[in-house]
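Source file: final_23.txt; contents: compact mmCIF, C-alpha atoms.
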```txt
# COMPACT_ATOMS: atom_id res chain seq x y z
CA MET A 1075 -8.59 15.82 37.55
CA THR A 1076 -10.63 13.41 35.46
CA GLY A 1077 -9.37 10.00 34.40
CA LYS A 1078 -7.60 9.72 31.10
CA VAL A 1079 -9.68 8.32 28.25
CA LEU A 1080 -7.86 5.37 26.72
CA THR A 1081 -7.88 4.77 22.96
CA VAL A 1082 -7.02 1.08 23.28
CA ARG A 1083 -8.20 -1.67 25.64
CA ASN A 1084 -5.52 -4.31 25.10
CA PRO A 1085 -3.66 -4.46 28.46
CA ASP A 1086 -0.41 -5.25 26.63
CA PHE A 1087 -0.53 -1.75 25.12
CA ILE A 1088 -1.30 0.12 28.36
CA VAL A 1089 1.64 1.14 30.56
CA ASP A 1090 0.96 2.50 34.05
CA GLY A 1091 -2.65 3.20 33.09
CA SER A 1092 -1.63 5.19 30.01
CA ASP A 1093 -1.93 4.59 26.28
CA ASP A 1094 0.79 7.17 25.52
CA ASP A 1095 3.16 4.59 24.02
CA PHE A 1096 0.34 3.27 21.82
CA ARG A 1097 -0.53 6.78 20.64
CA THR A 1098 3.13 7.56 19.91
CA MET A 1099 3.39 4.36 17.87
CA LEU A 1100 0.26 5.31 15.87
CA HIS A 1101 1.59 8.81 15.26
CA ASN A 1102 4.82 7.26 14.00
CA ILE A 1103 2.80 5.08 11.60
CA PHE A 1104 0.85 8.13 10.39
CA THR A 1105 4.13 9.95 9.80
CA ILE A 1106 5.61 6.96 7.99
CA HIS A 1107 2.50 6.81 5.81
CA ALA A 1108 2.82 10.51 4.96
CA ARG A 1109 6.51 10.12 4.11
CA LEU A 1110 5.84 7.07 1.92
CA GLU A 1111 3.07 8.97 0.13
CA GLY A 1112 5.54 11.80 -0.44
CA ILE A 1113 8.14 9.40 -1.84
CA ARG A 1114 5.52 7.83 -4.13
CA ALA A 1115 4.58 11.29 -5.38
CA VAL A 1116 8.21 12.19 -6.08
CA MET A 1117 8.87 8.90 -7.88
CA GLY A 1118 5.63 9.14 -9.88
CA ASN A 1119 6.23 12.78 -10.76
CA GLN A 1120 9.62 11.85 -12.18
CA LEU A 1121 7.73 9.75 -14.74
CA GLY A 1122 4.84 12.18 -15.21
CA LEU A 1123 2.52 10.05 -13.07
CA THR A 1124 0.67 10.25 -9.79
CA GLY A 1125 2.15 8.35 -6.87
CA GLY A 1126 -0.70 5.85 -7.12
CA GLN A 1127 -0.07 5.21 -10.81
CA TRP A 1128 3.63 4.72 -10.15
CA THR A 1129 2.75 2.21 -7.42
CA ILE A 1130 0.47 0.31 -9.81
CA LEU A 1131 3.33 0.02 -12.32
CA GLN A 1132 5.71 -1.15 -9.59
CA THR A 1133 3.12 -3.69 -8.47
CA VAL A 1134 2.58 -5.05 -11.98
CA ALA A 1135 6.37 -5.31 -12.38
CA HIS A 1136 6.57 -7.29 -9.14
CA LEU A 1137 3.61 -9.57 -9.87
CA GLU A 1138 4.69 -10.30 -13.46
CA ARG A 1139 7.55 -12.35 -12.08
CA PHE A 1140 5.01 -14.88 -10.80
CA GLY A 1141 2.83 -15.15 -13.92
CA ASP A 1142 -0.07 -13.36 -15.54
CA VAL A 1143 -1.33 -10.23 -13.78
CA ALA A 1144 -4.99 -9.23 -13.61
CA VAL A 1145 -6.62 -6.09 -12.23
CA LYS A 1146 -7.86 -8.17 -9.31
CA ASP A 1147 -4.28 -9.17 -8.44
CA VAL A 1148 -3.14 -5.55 -8.34
CA ALA A 1149 -6.19 -4.50 -6.32
CA GLU A 1150 -5.58 -7.25 -3.75
CA GLN A 1151 -1.87 -6.50 -3.49
CA LEU A 1152 -2.52 -2.79 -2.89
CA GLY A 1153 -5.68 -3.15 -0.81
CA GLN A 1154 -7.62 -1.00 -3.28
CA SER A 1155 -10.94 -1.53 -4.99
CA GLY A 1156 -10.99 -3.18 -8.38
CA ALA A 1157 -12.93 -0.19 -9.72
CA PHE A 1158 -10.19 2.24 -8.69
CA ILE A 1159 -7.45 0.07 -10.18
CA THR A 1160 -9.45 -0.35 -13.40
CA ILE A 1161 -9.73 3.43 -13.80
CA GLU A 1162 -6.02 3.99 -13.16
CA VAL A 1163 -5.04 1.08 -15.42
CA GLY A 1164 -7.10 2.67 -18.19
CA LYS A 1165 -5.09 5.88 -17.84
CA LEU A 1166 -1.82 3.93 -17.87
CA VAL A 1167 -2.88 1.97 -20.98
CA GLN A 1168 -3.85 5.24 -22.68
CA ALA A 1169 -0.39 6.64 -21.83
CA GLY A 1170 1.29 3.58 -23.37
CA LEU A 1171 2.73 2.43 -20.04
CA LEU A 1172 0.67 -0.74 -19.63
CA SER A 1173 -0.77 -3.17 -22.11
CA LYS A 1174 -4.07 -4.91 -21.59
CA THR A 1175 -4.90 -8.13 -23.43
CA PRO A 1176 -7.80 -10.57 -23.06
CA ASP A 1177 -7.03 -13.64 -21.00
CA PRO A 1178 -7.34 -16.57 -23.45
CA ARG A 1179 -8.59 -18.87 -20.66
CA ASP A 1180 -11.25 -16.47 -19.37
CA ARG A 1181 -12.50 -13.75 -21.72
CA ARG A 1182 -13.98 -11.80 -18.78
CA ARG A 1183 -10.48 -11.15 -17.46
CA VAL A 1184 -7.66 -9.10 -18.91
CA ARG A 1185 -3.94 -9.55 -18.49
CA LEU A 1186 -1.82 -6.54 -17.65
CA ALA A 1187 1.80 -6.16 -18.70
CA LEU A 1188 4.40 -3.42 -18.62
CA THR A 1189 5.33 -1.97 -21.97
CA ALA A 1190 8.95 -1.74 -23.10
CA LEU A 1191 8.80 2.01 -22.44
CA THR A 1192 7.73 1.39 -18.84
CA ARG A 1193 10.38 -1.27 -18.26
CA ASP A 1194 13.00 1.23 -19.42
CA LYS A 1195 11.63 4.01 -17.19
CA LEU A 1196 11.44 1.76 -14.14
CA ALA A 1197 14.95 0.41 -14.79
CA ARG A 1198 16.30 3.97 -14.86
CA THR A 1199 14.63 4.87 -11.55
CA SER A 1200 15.39 1.56 -9.78
CA PRO A 1201 18.79 2.67 -8.44
CA ILE A 1202 17.15 5.76 -6.93
CA LEU A 1203 14.37 3.66 -5.42
CA ALA A 1204 16.91 1.22 -3.97
CA GLU A 1205 18.81 4.07 -2.31
CA VAL A 1206 15.58 5.55 -0.92
CA ASN A 1207 14.41 2.17 0.40
CA ASP A 1208 17.81 1.54 1.98
CA GLN A 1209 17.47 4.88 3.79
CA ILE A 1210 13.94 4.14 4.99
CA PHE A 1211 15.02 0.87 6.58
CA ASP A 1212 18.50 1.94 7.66
CA GLY A 1213 19.35 0.42 11.02
CA LEU A 1214 17.19 -2.67 10.66
CA ASP A 1215 18.93 -6.03 10.52
CA ARG A 1216 17.59 -9.31 9.13
CA GLU A 1217 15.85 -10.19 12.39
CA ASP A 1218 14.16 -6.77 12.54
CA PHE A 1219 13.13 -7.09 8.89
CA VAL A 1220 11.55 -10.52 9.39
CA ALA A 1221 9.70 -9.27 12.48
CA LEU A 1222 8.53 -6.14 10.64
CA CYS A 1223 7.23 -8.20 7.71
CA ARG A 1224 5.31 -10.45 10.09
CA MET A 1225 3.90 -7.52 12.08
CA ALA A 1226 2.98 -5.50 8.97
CA GLY A 1227 0.97 -8.45 7.66
CA LYS A 1228 -0.88 -8.80 10.96
CA ILE A 1229 -1.54 -5.06 11.19
CA ARG A 1230 -2.77 -4.95 7.59
CA GLU A 1231 -5.20 -7.80 8.27
CA GLY A 1232 -6.36 -6.13 11.49
CA SER A 1233 -6.75 -2.77 9.78
CA ASP A 1234 -8.92 -4.32 7.04
CA LYS A 1235 -11.27 -5.64 9.72
CA ALA A 1236 -11.04 -2.42 11.74
CA LEU A 1237 -12.13 -0.30 8.77
CA VAL A 1238 -15.29 -2.37 8.37
CA LEU A 1239 -15.88 -2.21 12.14
CA ALA A 1240 -15.36 1.58 12.27
CA GLN A 1241 -17.82 2.10 9.41
CA TYR A 1242 -20.39 -0.11 11.10
CA LEU A 1243 -19.99 1.42 14.57
CA MET A 1244 -20.09 5.00 13.30
CA ALA A 1245 -23.19 4.30 11.20
CA ALA A 1246 -24.85 2.57 14.15
CA SER A 1247 -24.04 5.47 16.50
CA GLN A 1248 -25.53 7.99 14.07
CA ALA A 1249 -28.69 5.91 13.69
CA ARG A 1250 -29.40 6.25 17.40
```

Can the structure in the file be given as structure tokens, please?
Amino acid sequence: MTGKVLTVRNPDFIVDGSDDDFRTMLHNIFTIHARLEGIRAVMGNQLGLTGGQWTILQTVAHLERFGDVAVKDVAEQLGQSGAFITIEVGKLVQAGLLSKTPDPRDRRRVRLALTALTRDKLARTSPILAEVNDQIFDGLDREDFVALCRMAGKIREGSDKALVLAQYLMAASQAR
């Protein structure tokens, strides 16, 4: 029998010479991602949107509470490219769900805002979203929630770096 190939080197993630727990955790994250994508699609479809467009509207609604919202803000919040968000924002403006106005302080920037129609639509679906979110996180208490928030932030930061690393390593291996 040959030795098992490990997919992680961190000794804290290896138990009895195995990365099985690590792999199970990753598979759970993949499944969570697929379920969240499915929920986004259902919520977006309810409003005649893609899941991504629905998420952009939800993100603008969230960020508006803190001040003006720019494409860059939405892109950073969602970890998407500014070009992708710009294209989707254009579709949402065309549909009358977002407004786009020049920023008076910097004419190169635009400010995004939900339209009254969008506020109404999101208000009508908010109780459904709250029930769905409650179900997703059922069983977690405050301590779990705080730990999850902290860990999710660390994993997001690590995954940003890992994507760049994976692209570099794969390109380098193909150049050989």

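Picture a line from CA of His1136 (chain A) to CA of Ala1149 (chain A); it runs 13.4 Å.
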
Closest contacts (region 1093-1157 of chain A/region 1183-1199 of chain A, max 7 Å, only C-alpha atoms) as a Markdown table:
```
| residue | atom | partner | partner_atom | distance |
| --- | --- | --- | --- | --- |
| A:Val1134 | CA | A:Ala1187 | CA | 6.9 |
| A:Ala1135 | CA | A:Leu1188 | CA | 6.8 |
| A:Asp1142 | CA | A:Arg1185 | CA | 6.2 |
| A:Val1143 | CA | A:Leu1186 | CA | 5.4 |
| A:Ala1144 | CA | A:Arg1185 | CA | 5.0 |
```

- In Å, with one decimal, what is the gap from CA of Gly1125 (chain A) to CA of Glu1205 (chain A)?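 Between these atoms lies a distance of 17.8 Å.
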
- Selected residue, from A:Asp1212, A:Leu1172, A:Leu1137, A:Gly1126, that lies nearest to Phe1158 (chain A) when counting all atoms listed in the file: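 Selected residue with least distance to Phe1158 (chain A): A:Gly1126.
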
- Quick one: of A:Val1145, A:Ala1204, A:Ala1246, A:Ala1236, who's nearest to Lys1174 (chain A), counting all atoms listed in the file?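 Result for the nearest residue to Lys1174 (chain A): A:Val1145.
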
- Could you name the residues that touch region 1097-1101 of chain A at 10 Å or less, counting only C-alpha atoms, but leaving out those on the same chain fewer than 6 positions away, as a list in words?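 Once the nearby chain positions are removed, what remains is Leu1080, Thr1081, Val1082, Phe1087 and His1107 of chain A.
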
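The space between CA of Cys1223 (chain A) and CA of Thr1124 (chain A) spans 26.3 Å.
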
Kindly reconstruct region 1198-1225 of chain A with N, CA and C atoms and present the result as a PDB file, in the coordinates of the input.
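Writing done, so here's selection37.pdb:
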```pdb
ATOM      1  N   ARG A1198      15.507   2.756 -15.102  1.00  0.00           N
ATOM      2  CA  ARG A1198      16.300   3.970 -14.860  1.00  0.00           C
ATOM      3  C   ARG A1198      16.088   4.532 -13.451  1.00  0.00           C
ATOM      4  N   THR A1199      14.898   4.335 -12.892  1.00  0.00           N
ATOM      5  CA  THR A1199      14.630   4.870 -11.550  1.00  0.00           C
ATOM      6  C   THR A1199      14.906   3.850 -10.441  1.00  0.00           C
ATOM      7  N   SER A1200      15.150   2.599 -10.794  1.00  0.00           N
ATOM      8  CA  SER A1200      15.390   1.560  -9.780  1.00  0.00           C
ATOM      9  C   SER A1200      16.562   1.863  -8.852  1.00  0.00           C
ATOM     10  N   PRO A1201      17.695   2.360  -9.360  1.00  0.00           N
ATOM     11  CA  PRO A1201      18.790   2.670  -8.440  1.00  0.00           C
ATOM     12  C   PRO A1201      18.408   3.755  -7.414  1.00  0.00           C
ATOM     13  N   ILE A1202      17.614   4.715  -7.849  1.00  0.00           N
ATOM     14  CA  ILE A1202      17.150   5.760  -6.930  1.00  0.00           C
ATOM     15  C   ILE A1202      16.234   5.141  -5.887  1.00  0.00           C
ATOM     16  N   LEU A1203      15.301   4.306  -6.339  1.00  0.00           N
ATOM     17  CA  LEU A1203      14.370   3.660  -5.420  1.00  0.00           C
ATOM     18  C   LEU A1203      15.114   2.787  -4.411  1.00  0.00           C
ATOM     19  N   ALA A1204      16.132   2.067  -4.872  1.00  0.00           N
ATOM     20  CA  ALA A1204      16.910   1.220  -3.970  1.00  0.00           C
ATOM     21  C   ALA A1204      17.590   2.057  -2.886  1.00  0.00           C
ATOM     22  N   GLU A1205      18.150   3.188  -3.285  1.00  0.00           N
ATOM     23  CA  GLU A1205      18.810   4.070  -2.310  1.00  0.00           C
ATOM     24  C   GLU A1205      17.804   4.626  -1.306  1.00  0.00           C
ATOM     25  N   VAL A1206      16.634   5.025  -1.806  1.00  0.00           N
ATOM     26  CA  VAL A1206      15.580   5.550  -0.920  1.00  0.00           C
ATOM     27  C   VAL A1206      15.114   4.463   0.045  1.00  0.00           C
ATOM     28  N   ASN A1207      14.857   3.261  -0.466  1.00  0.00           N
ATOM     29  CA  ASN A1207      14.410   2.170   0.400  1.00  0.00           C
ATOM     30  C   ASN A1207      15.470   1.808   1.431  1.00  0.00           C
ATOM     31  N   ASP A1208      16.733   1.807   1.019  1.00  0.00           N
ATOM     32  CA  ASP A1208      17.810   1.540   1.980  1.00  0.00           C
ATOM     33  C   ASP A1208      17.779   2.567   3.110  1.00  0.00           C
ATOM     34  N   GLN A1209      17.518   3.829   2.767  1.00  0.00           N
ATOM     35  CA  GLN A1209      17.470   4.880   3.790  1.00  0.00           C
ATOM     36  C   GLN A1209      16.277   4.690   4.723  1.00  0.00           C
ATOM     37  N   ILE A1210      15.129   4.331   4.159  1.00  0.00           N
ATOM     38  CA  ILE A1210      13.940   4.140   4.990  1.00  0.00           C
ATOM     39  C   ILE A1210      14.212   3.087   6.064  1.00  0.00           C
ATOM     40  N   PHE A1211      14.844   2.003   5.670  1.00  0.00           N
ATOM     41  CA  PHE A1211      15.020   0.870   6.580  1.00  0.00           C
ATOM     42  C   PHE A1211      16.424   0.782   7.166  1.00  0.00           C
ATOM     43  N   ASP A1212      17.164   1.869   7.087  1.00  0.00           N
ATOM     44  CA  ASP A1212      18.500   1.940   7.660  1.00  0.00           C
ATOM     45  C   ASP A1212      18.436   1.601   9.151  1.00  0.00           C
ATOM     46  N   GLY A1213      19.325   0.771   9.599  1.00  0.00           N
ATOM     47  CA  GLY A1213      19.350   0.420  11.020  1.00  0.00           C
ATOM     48  C   GLY A1213      18.623  -0.861  11.350  1.00  0.00           C
ATOM     49  N   LEU A1214      17.856  -1.397  10.413  1.00  0.00           N
ATOM     50  CA  LEU A1214      17.190  -2.670  10.660  1.00  0.00           C
ATOM     51  C   LEU A1214      18.095  -3.802  10.172  1.00  0.00           C
ATOM     52  N   ASP A1215      18.188  -4.846  10.965  1.00  0.00           N
ATOM     53  CA  ASP A1215      18.930  -6.030  10.520  1.00  0.00           C
ATOM     54  C   ASP A1215      17.941  -7.085  10.046  1.00  0.00           C
ATOM     55  N   ARG A1216      18.444  -8.244   9.667  1.00  0.00           N
ATOM     56  CA  ARG A1216      17.590  -9.310   9.130  1.00  0.00           C
ATOM     57  C   ARG A1216      16.478  -9.691  10.101  1.00  0.00           C
ATOM     58  N   GLU A1217      16.832  -9.810  11.376  1.00  0.00           N
ATOM     59  CA  GLU A1217      15.850 -10.190  12.390  1.00  0.00           C
ATOM     60  C   GLU A1217      14.744  -9.133  12.506  1.00  0.00           C
ATOM     61  N   ASP A1218      15.146  -7.866  12.510  1.00  0.00           N
ATOM     62  CA  ASP A1218      14.160  -6.770  12.540  1.00  0.00           C
ATOM     63  C   ASP A1218      13.258  -6.826  11.308  1.00  0.00           C
ATOM     64  N   PHE A1219      13.875  -7.062  10.144  1.00  0.00           N
ATOM     65  CA  PHE A1219      13.130  -7.090   8.890  1.00  0.00           C
ATOM     66  C   PHE A1219      12.091  -8.209   8.904  1.00  0.00           C
ATOM     67  N   VAL A1220      12.478  -9.390   9.336  1.00  0.00           N
ATOM     68  CA  VAL A1220      11.550 -10.520   9.390  1.00  0.00           C
ATOM     69  C   VAL A1220      10.406 -10.209  10.354  1.00  0.00           C
ATOM     70  N   ALA A1221      10.735  -9.628  11.502  1.00  0.00           N
ATOM     71  CA  ALA A1221       9.700  -9.270  12.480  1.00  0.00           C
ATOM     72  C   ALA A1221       8.770  -8.194  11.912  1.00  0.00           C
ATOM     73  N   LEU A1222       9.345  -7.208  11.232  1.00  0.00           N
ATOM     74  CA  LEU A1222       8.530  -6.140  10.640  1.00  0.00           C
ATOM     75  C   LEU A1222       7.589  -6.700   9.574  1.00  0.00           C
ATOM     76  N   CYS A1223       8.083  -7.588   8.738  1.00  0.00           N
ATOM     77  CA  CYS A1223       7.230  -8.200   7.710  1.00  0.00           C
ATOM     78  C   CYS A1223       6.061  -8.943   8.352  1.00  0.00           C
ATOM     79  N   ARG A1224       6.355  -9.694   9.392  1.00  0.00           N
ATOM     80  CA  ARG A1224       5.310 -10.450  10.090  1.00  0.00           C
ATOM     81  C   ARG A1224       4.291  -9.490  10.722  1.00  0.00           C
ATOM     82  N   MET A1225       4.793  -8.474  11.412  1.00  0.00           N
ATOM     83  CA  MET A1225       3.900  -7.520  12.080  1.00  0.00           C
ATOM     84  C   MET A1225       3.089  -6.711  11.066  1.00  0.00           C
TER      85      MET A1225
END
```
